[in-house]
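See below for the structure under consideration.
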Amino acid sequence: MELFTKQFEVKTGERIELKDITNQVQSIINDSKVKQGIAFVYTLHTTATIIINEAERGLLNDIKKWVQAAFSRTDYDHDKIDTNAAAHIAATFAKNAVTIPVDDGKLALGTWQRILHLELDGPRTRSVIVQVIGTPF
Ligand code: ZN
């Protein structure tokens, strides 16, 4: 059984931004030499999330619009001490991690599935940890 851990950074340029990180995760799986197992992809932040969805440009804009609707409220209590309550709340309803099967050294994603980093309080530099666990080649 192999356990391989690697961290990488995601630099975001906008307050709400989606970035496809599938290739970075696959590259870490390649480095891990795991053939059959799981990949755990985790963000170390409370105002960023990791999701799996289609990376179609229109859909990415729609997800952004949906999140922005949550930012339109102005009566959040956390905003009295910080200005990012909406980002924390949006992060609560997405998740800070995803787990994906690894089959024959490849992410077992569906045809349209991509791993997306969703920034909710950018621009910032974010840290993502990937752990790959499984049997080696
Ligand atoms: Zn805060």
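Identifiers for the structure tokens are assigned positionally: chains receive A, B, ... in sequence, residues are indexed from 1 per chain, and ligands are indexed from 1 in the order shown.
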Select the residues contacting ligand 1 at a distance of at most 8 Å, based on only C-alpha atoms and all ligand atoms, then format the selection as a JSON list (two decimals) with all heavy atoms, in the first residue's frame.
```json
[["chain", "number", "residue", "atom", "x", "y", "z"],
["A", 47, "THR", "N", -12.85, 29.65, 2.82],
["A", 47, "THR", "CA", -13.59, 30.43, 1.84],
["A", 47, "THR", "C", -13.18, 30.03, 0.42],
["A", 47, "THR", "O", -13.17, 30.85, -0.50],
["A", 47, "THR", "CB", -13.41, 31.96, 2.06],
["A", 47, "THR", "OG1", -12.02, 32.27, 2.07],
["A", 47, "THR", "CG2", -14.05, 32.41, 3.36],
["A", 78, "HIS", "N", -21.18, 38.12, 10.51],
["A", 78, "HIS", "CA", -19.72, 37.96, 10.41],
["A", 78, "HIS", "C", -19.08, 39.16, 9.69],
["A", 78, "HIS", "O", -17.91, 39.47, 9.92],
["A", 78, "HIS", "CB", -19.40, 36.65, 9.67],
["A", 78, "HIS", "CG", -17.94, 36.34, 9.55],
["A", 78, "HIS", "ND1", -17.12, 36.08, 10.63],
["A", 78, "HIS", "CD2", -17.13, 36.26, 8.45],
["A", 78, "HIS", "CE1", -15.90, 35.82, 10.21],
["A", 78, "HIS", "NE2", -15.88, 35.94, 8.89],
["A", 79, "ASP", "N", -19.87, 39.86, 8.88],
["A", 79, "ASP", "CA", -19.33, 41.03, 8.16],
["A", 79, "ASP", "C", -18.98, 42.18, 9.11],
["A", 79, "ASP", "O", -18.25, 43.09, 8.72],
["A", 79, "ASP", "CB", -20.32, 41.51, 7.09],
["A", 79, "ASP", "CG", -20.32, 40.59, 5.87],
["A", 79, "ASP", "OD1", -19.36, 39.79, 5.72],
["A", 79, "ASP", "OD2", -21.27, 40.67, 5.07],
["A", 81, "ILE", "N", -17.06, 41.78, 11.69],
["A", 81, "ILE", "CA", -15.65, 41.60, 12.07],
["A", 81, "ILE", "C", -14.76, 41.24, 10.89],
["A", 81, "ILE", "O", -13.55, 41.32, 10.97],
["A", 81, "ILE", "CB", -15.50, 40.51, 13.17],
["A", 81, "ILE", "CG1", -16.05, 39.16, 12.67],
["A", 81, "ILE", "CG2", -16.17, 40.96, 14.46],
["A", 81, "ILE", "CD1", -15.45, 37.98, 13.40],
["A", 82, "ASP", "N", -15.37, 40.84, 9.79],
["A", 82, "ASP", "CA", -14.64, 40.43, 8.60],
["A", 82, "ASP", "C", -15.61, 40.77, 7.46],
["A", 82, "ASP", "O", -16.78, 40.99, 7.70],
["A", 82, "ASP", "CB", -14.37, 38.91, 8.67],
["A", 82, "ASP", "CG", -13.17, 38.47, 7.86],
["A", 82, "ASP", "OD1", -12.60, 39.29, 7.13],
["A", 82, "ASP", "OD2", -12.81, 37.28, 7.95],
["A", 83, "THR", "N", -15.16, 40.80, 6.26],
["A", 83, "THR", "CA", -16.08, 41.23, 5.19],
["A", 83, "THR", "C", -16.41, 40.09, 4.24],
["A", 83, "THR", "O", -16.69, 40.31, 3.07],
["A", 83, "THR", "CB", -15.46, 42.39, 4.38],
["A", 83, "THR", "OG1", -14.19, 41.94, 3.90],
["A", 83, "THR", "CG2", -15.31, 43.62, 5.23],
["A", 84, "ASN", "N", -16.37, 38.84, 4.78],
["A", 84, "ASN", "CA", -16.51, 37.72, 3.86],
["A", 84, "ASN", "C", -17.50, 36.65, 4.33],
["A", 84, "ASN", "O", -17.31, 35.46, 4.06],
["A", 84, "ASN", "CB", -15.13, 37.09, 3.59],
["A", 84, "ASN", "CG", -14.47, 36.58, 4.86],
["A", 84, "ASN", "OD1", -15.01, 36.69, 5.95],
["A", 84, "ASN", "ND2", -13.29, 36.03, 4.70],
["A", 85, "ALA", "N", -18.56, 37.06, 5.00],
["A", 85, "ALA", "CA", -19.56, 36.10, 5.47],
["A", 85, "ALA", "C", -20.14, 35.28, 4.32],
["A", 85, "ALA", "O", -20.27, 34.05, 4.43],
["A", 85, "ALA", "CB", -20.67, 36.82, 6.22],
["A", 87, "ALA", "N", -18.82, 34.42, 1.59],
["A", 87, "ALA", "CA", -17.83, 33.43, 1.12],
["A", 87, "ALA", "C", -17.81, 32.22, 2.05],
["A", 87, "ALA", "O", -17.77, 31.08, 1.59],
["A", 87, "ALA", "CB", -16.45, 34.06, 1.04],
["A", 88, "HIS", "N", -17.84, 32.46, 3.38],
["A", 88, "HIS", "CA", -17.87, 31.34, 4.33],
["A", 88, "HIS", "C", -19.14, 30.50, 4.13],
["A", 88, "HIS", "O", -19.09, 29.27, 4.17],
["A", 88, "HIS", "CB", -17.88, 31.86, 5.77],
["A", 88, "HIS", "CG", -16.57, 32.39, 6.26],
["A", 88, "HIS", "ND1", -15.49, 31.59, 6.54],
["A", 88, "HIS", "CD2", -16.17, 33.66, 6.53],
["A", 88, "HIS", "CE1", -14.49, 32.34, 6.97],
["A", 88, "HIS", "NE2", -14.87, 33.61, 6.98]]
```
I need the residues of chain A that end up classed as strand (DSSP E or B) by DSSP on the backbone, written out as a short mmCIF file (atom, residue, chain, number, x, y, z; two decimals) with C-alpha atoms, in the first residue's frame.
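The resulting file, selection.cif, is reproduced below:
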```cif
data_model
loop_
_atom_site.label_atom_id
_atom_site.label_comp_id
_atom_site.auth_asym_id
_atom_site.auth_seq_id
_atom_site.Cartn_x
_atom_site.Cartn_y
_atom_site.Cartn_z
CA GLU A 2 1.35 3.40 -1.00
CA LEU A 3 0.50 6.74 0.61
CA PHE A 4 1.66 9.77 -1.36
CA THR A 5 0.99 13.38 -0.34
CA LYS A 6 1.68 16.53 -2.30
CA GLN A 7 0.56 20.13 -1.96
CA PHE A 8 0.21 22.74 -4.69
CA GLU A 9 -0.89 26.35 -4.91
CA VAL A 10 -3.79 27.87 -6.81
CA LYS A 11 -3.44 31.60 -7.48
CA GLU A 17 -13.40 32.23 -9.67
CA LEU A 18 -13.43 28.64 -10.90
CA LYS A 19 -10.25 26.91 -12.02
CA ASP A 20 -9.93 23.43 -13.49
CA VAL A 34 -0.49 4.27 -7.43
CA LYS A 35 -2.32 1.92 -9.81
CA GLN A 36 -5.55 1.15 -7.90
CA GLY A 37 -6.76 3.32 -5.03
CA ILE A 38 -8.23 6.71 -4.19
CA ALA A 39 -7.20 10.34 -4.53
CA PHE A 40 -8.28 12.78 -1.82
CA VAL A 41 -8.19 16.45 -2.88
CA TYR A 42 -8.49 18.95 -0.03
CA THR A 43 -8.37 22.73 0.30
CA ALA A 48 -12.56 28.19 -1.06
CA THR A 49 -13.95 24.81 -2.08
CA ILE A 50 -13.22 21.84 -4.30
CA ILE A 51 -16.07 20.60 -6.48
CA ILE A 52 -16.58 18.18 -9.35
CA ASN A 53 -18.59 19.42 -12.28
CA ALA A 97 -12.62 18.12 -0.35
CA VAL A 98 -13.47 15.52 -2.96
CA THR A 99 -12.48 11.85 -3.14
CA ILE A 100 -12.05 10.19 -6.52
CA PRO A 101 -11.30 6.56 -7.38
CA VAL A 102 -7.99 5.87 -9.13
CA ASP A 103 -8.20 3.10 -11.71
CA LYS A 106 -5.93 7.44 -13.83
CA LEU A 107 -8.65 9.51 -12.15
CA ARG A 114 -13.59 17.85 -13.95
CA ILE A 115 -12.12 18.78 -10.59
CA LEU A 116 -12.72 22.49 -10.02
CA HIS A 117 -11.26 24.85 -7.43
CA LEU A 118 -13.92 27.39 -6.49
CA GLU A 119 -12.51 30.62 -5.04
CA THR A 125 -3.00 32.16 -3.11
CA ARG A 126 -4.65 28.91 -2.03
CA SER A 127 -3.13 25.60 -0.92
CA VAL A 128 -4.54 22.28 -2.09
CA ILE A 129 -3.35 18.96 -0.66
CA VAL A 130 -3.68 15.75 -2.65
CA GLN A 131 -3.28 12.38 -0.94
CA VAL A 132 -3.15 9.28 -3.07
CA ILE A 133 -3.62 5.92 -1.34
CA GLY A 134 -3.54 2.53 -2.99
CA THR A 135 -1.62 -0.34 -4.47
CA PRO A 136 1.39 0.47 -6.68
#
```
Just the alpha helix (DSSP H) stuff from chain A, please, per backbone DSSP, written as a ChimeraX atom specification.
/A:22-32,57-70,85-93
Residue subset to file, keeping N, CA, C and O atoms, as a short mmCIF file (atom, residue, chain, number, x, y, z; two decimals), in the first residue's frame:
```
data_model
loop_
_atom_site.label_atom_id
_atom_site.label_comp_id
_atom_site.auth_asym_id
_atom_site.auth_seq_id
_atom_site.Cartn_x
_atom_site.Cartn_y
_atom_site.Cartn_z
N THR A 22 -7.89 19.57 -12.60
CA THR A 22 -7.83 18.12 -12.90
C THR A 22 -6.42 17.69 -13.32
O THR A 22 -5.92 16.66 -12.85
N ASN A 23 -5.78 18.46 -14.18
CA ASN A 23 -4.47 18.05 -14.69
C ASN A 23 -3.40 18.03 -13.59
O ASN A 23 -2.55 17.13 -13.57
N GLN A 24 -3.46 19.01 -12.66
CA GLN A 24 -2.50 19.01 -11.54
C GLN A 24 -2.70 17.76 -10.67
O GLN A 24 -1.74 17.15 -10.23
N VAL A 25 -3.98 17.40 -10.43
CA VAL A 25 -4.26 16.23 -9.59
C VAL A 25 -3.77 14.95 -10.30
O VAL A 25 -3.12 14.10 -9.69
N GLN A 26 -4.05 14.84 -11.59
CA GLN A 26 -3.61 13.65 -12.34
C GLN A 26 -2.08 13.55 -12.34
O GLN A 26 -1.52 12.45 -12.21
N SER A 27 -1.41 14.69 -12.43
CA SER A 27 0.05 14.69 -12.43
C SER A 27 0.60 14.18 -11.09
O SER A 27 1.61 13.46 -11.05
N ILE A 28 -0.08 14.51 -9.98
CA ILE A 28 0.33 14.01 -8.66
C ILE A 28 0.09 12.50 -8.57
O ILE A 28 0.91 11.76 -8.02
N ILE A 29 -1.01 12.04 -9.14
CA ILE A 29 -1.27 10.59 -9.17
C ILE A 29 -0.17 9.88 -9.97
O ILE A 29 0.33 8.84 -9.56
N ASN A 30 0.24 10.49 -11.08
CA ASN A 30 1.33 9.92 -11.88
C ASN A 30 2.60 9.79 -11.02
O ASN A 30 3.26 8.76 -11.04
N ASP A 31 2.92 10.86 -10.25
CA ASP A 31 4.11 10.84 -9.39
C ASP A 31 3.99 9.79 -8.28
O ASP A 31 4.99 9.26 -7.82
N SER A 32 2.76 9.51 -7.85
CA SER A 32 2.54 8.60 -6.72
C SER A 32 2.81 7.14 -7.08
O SER A 32 3.04 6.33 -6.21
N ARG A 57 -17.76 26.54 -20.32
CA ARG A 57 -17.63 27.96 -20.01
C ARG A 57 -18.94 28.59 -19.50
O ARG A 57 -18.94 29.32 -18.51
N GLY A 58 -20.05 28.31 -20.18
CA GLY A 58 -21.34 28.88 -19.78
C GLY A 58 -21.74 28.41 -18.39
O GLY A 58 -22.21 29.20 -17.57
N LEU A 59 -21.53 27.12 -18.11
CA LEU A 59 -21.88 26.59 -16.80
C LEU A 59 -21.01 27.21 -15.70
O LEU A 59 -21.50 27.53 -14.62
N LEU A 60 -19.73 27.40 -15.99
CA LEU A 60 -18.84 28.02 -15.00
C LEU A 60 -19.34 29.42 -14.67
O LEU A 60 -19.35 29.83 -13.51
N ASN A 61 -19.79 30.16 -15.68
CA ASN A 61 -20.37 31.50 -15.44
C ASN A 61 -21.65 31.40 -14.62
O ASN A 61 -21.89 32.23 -13.75
N ASP A 62 -22.47 30.37 -14.90
CA ASP A 62 -23.73 30.21 -14.18
C ASP A 62 -23.48 29.90 -12.70
O ASP A 62 -24.18 30.41 -11.83
N ILE A 63 -22.48 29.05 -12.42
CA ILE A 63 -22.14 28.73 -11.02
C ILE A 63 -21.71 30.03 -10.32
O ILE A 63 -22.13 30.32 -9.20
N LYS A 64 -20.91 30.81 -11.02
CA LYS A 64 -20.45 32.09 -10.48
C LYS A 64 -21.64 33.01 -10.17
O LYS A 64 -21.72 33.63 -9.11
N LYS A 65 -22.60 33.08 -11.10
CA LYS A 65 -23.79 33.93 -10.90
C LYS A 65 -24.58 33.45 -9.69
O LYS A 65 -25.08 34.26 -8.90
N TRP A 66 -24.71 32.13 -9.54
CA TRP A 66 -25.47 31.56 -8.42
C TRP A 66 -24.81 31.92 -7.10
O TRP A 66 -25.47 32.31 -6.14
N VAL A 67 -23.46 31.82 -7.06
CA VAL A 67 -22.73 32.18 -5.84
C VAL A 67 -22.86 33.68 -5.58
O VAL A 67 -23.09 34.11 -4.44
N GLN A 68 -22.76 34.47 -6.63
CA GLN A 68 -22.85 35.93 -6.46
C GLN A 68 -24.19 36.35 -5.87
O GLN A 68 -24.25 37.33 -5.13
N ALA A 69 -25.25 35.59 -6.17
CA ALA A 69 -26.56 35.90 -5.61
C ALA A 69 -26.50 35.85 -4.08
O ALA A 69 -27.13 36.66 -3.40
N ALA A 70 -25.71 34.91 -3.54
CA ALA A 70 -25.56 34.79 -2.08
C ALA A 70 -24.80 35.99 -1.51
O ALA A 70 -24.93 36.31 -0.33
N ALA A 85 -18.56 37.06 5.00
CA ALA A 85 -19.56 36.10 5.47
C ALA A 85 -20.14 35.28 4.32
O ALA A 85 -20.27 34.05 4.43
N ALA A 86 -20.47 35.93 3.23
CA ALA A 86 -21.07 35.22 2.10
C ALA A 86 -20.12 34.14 1.58
O ALA A 86 -20.56 33.05 1.21
N ALA A 87 -18.82 34.42 1.59
CA ALA A 87 -17.83 33.43 1.12
C ALA A 87 -17.81 32.22 2.05
O ALA A 87 -17.77 31.08 1.59
N HIS A 88 -17.84 32.46 3.38
CA HIS A 88 -17.87 31.34 4.33
C HIS A 88 -19.14 30.50 4.13
O HIS A 88 -19.09 29.27 4.17
N ILE A 89 -20.27 31.17 3.93
CA ILE A 89 -21.54 30.46 3.80
C ILE A 89 -21.56 29.64 2.51
O ILE A 89 -21.93 28.46 2.51
N ALA A 90 -21.11 30.23 1.42
CA ALA A 90 -21.05 29.50 0.15
C ALA A 90 -20.13 28.29 0.29
O ALA A 90 -20.41 27.21 -0.23
N ALA A 91 -19.02 28.45 1.04
CA ALA A 91 -18.08 27.33 1.24
C ALA A 91 -18.70 26.22 2.07
O ALA A 91 -18.30 25.06 1.98
N THR A 92 -19.67 26.56 2.90
CA THR A 92 -20.35 25.56 3.73
C THR A 92 -21.21 24.64 2.87
O THR A 92 -21.37 23.46 3.18
N PHE A 93 -21.76 25.18 1.81
CA PHE A 93 -22.68 24.38 0.99
C PHE A 93 -22.00 23.69 -0.18
O PHE A 93 -22.60 22.84 -0.83
#
```
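When only C-alpha atoms are used to compute distances to Thr111 (chain A), the closest of the residues A:Phe71, A:Ala55, A:Glu14, A:Asn96 turns out to be A:Ala55.
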To one decimal place, how far is CA of Glu54 (chain A) from CA of Ile21 (chain A) in Å?
12.2 Å
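If you measure from each of A:Met1, A:Phe137, A:Ile16, A:Leu44 to Asp104 (chain A) using only C-alpha atoms, the closest one turns out to be A:Phe137.
The space between CA of Arg15 (chain A) and CA of Arg124 (chain A) spans 8.6 Å.
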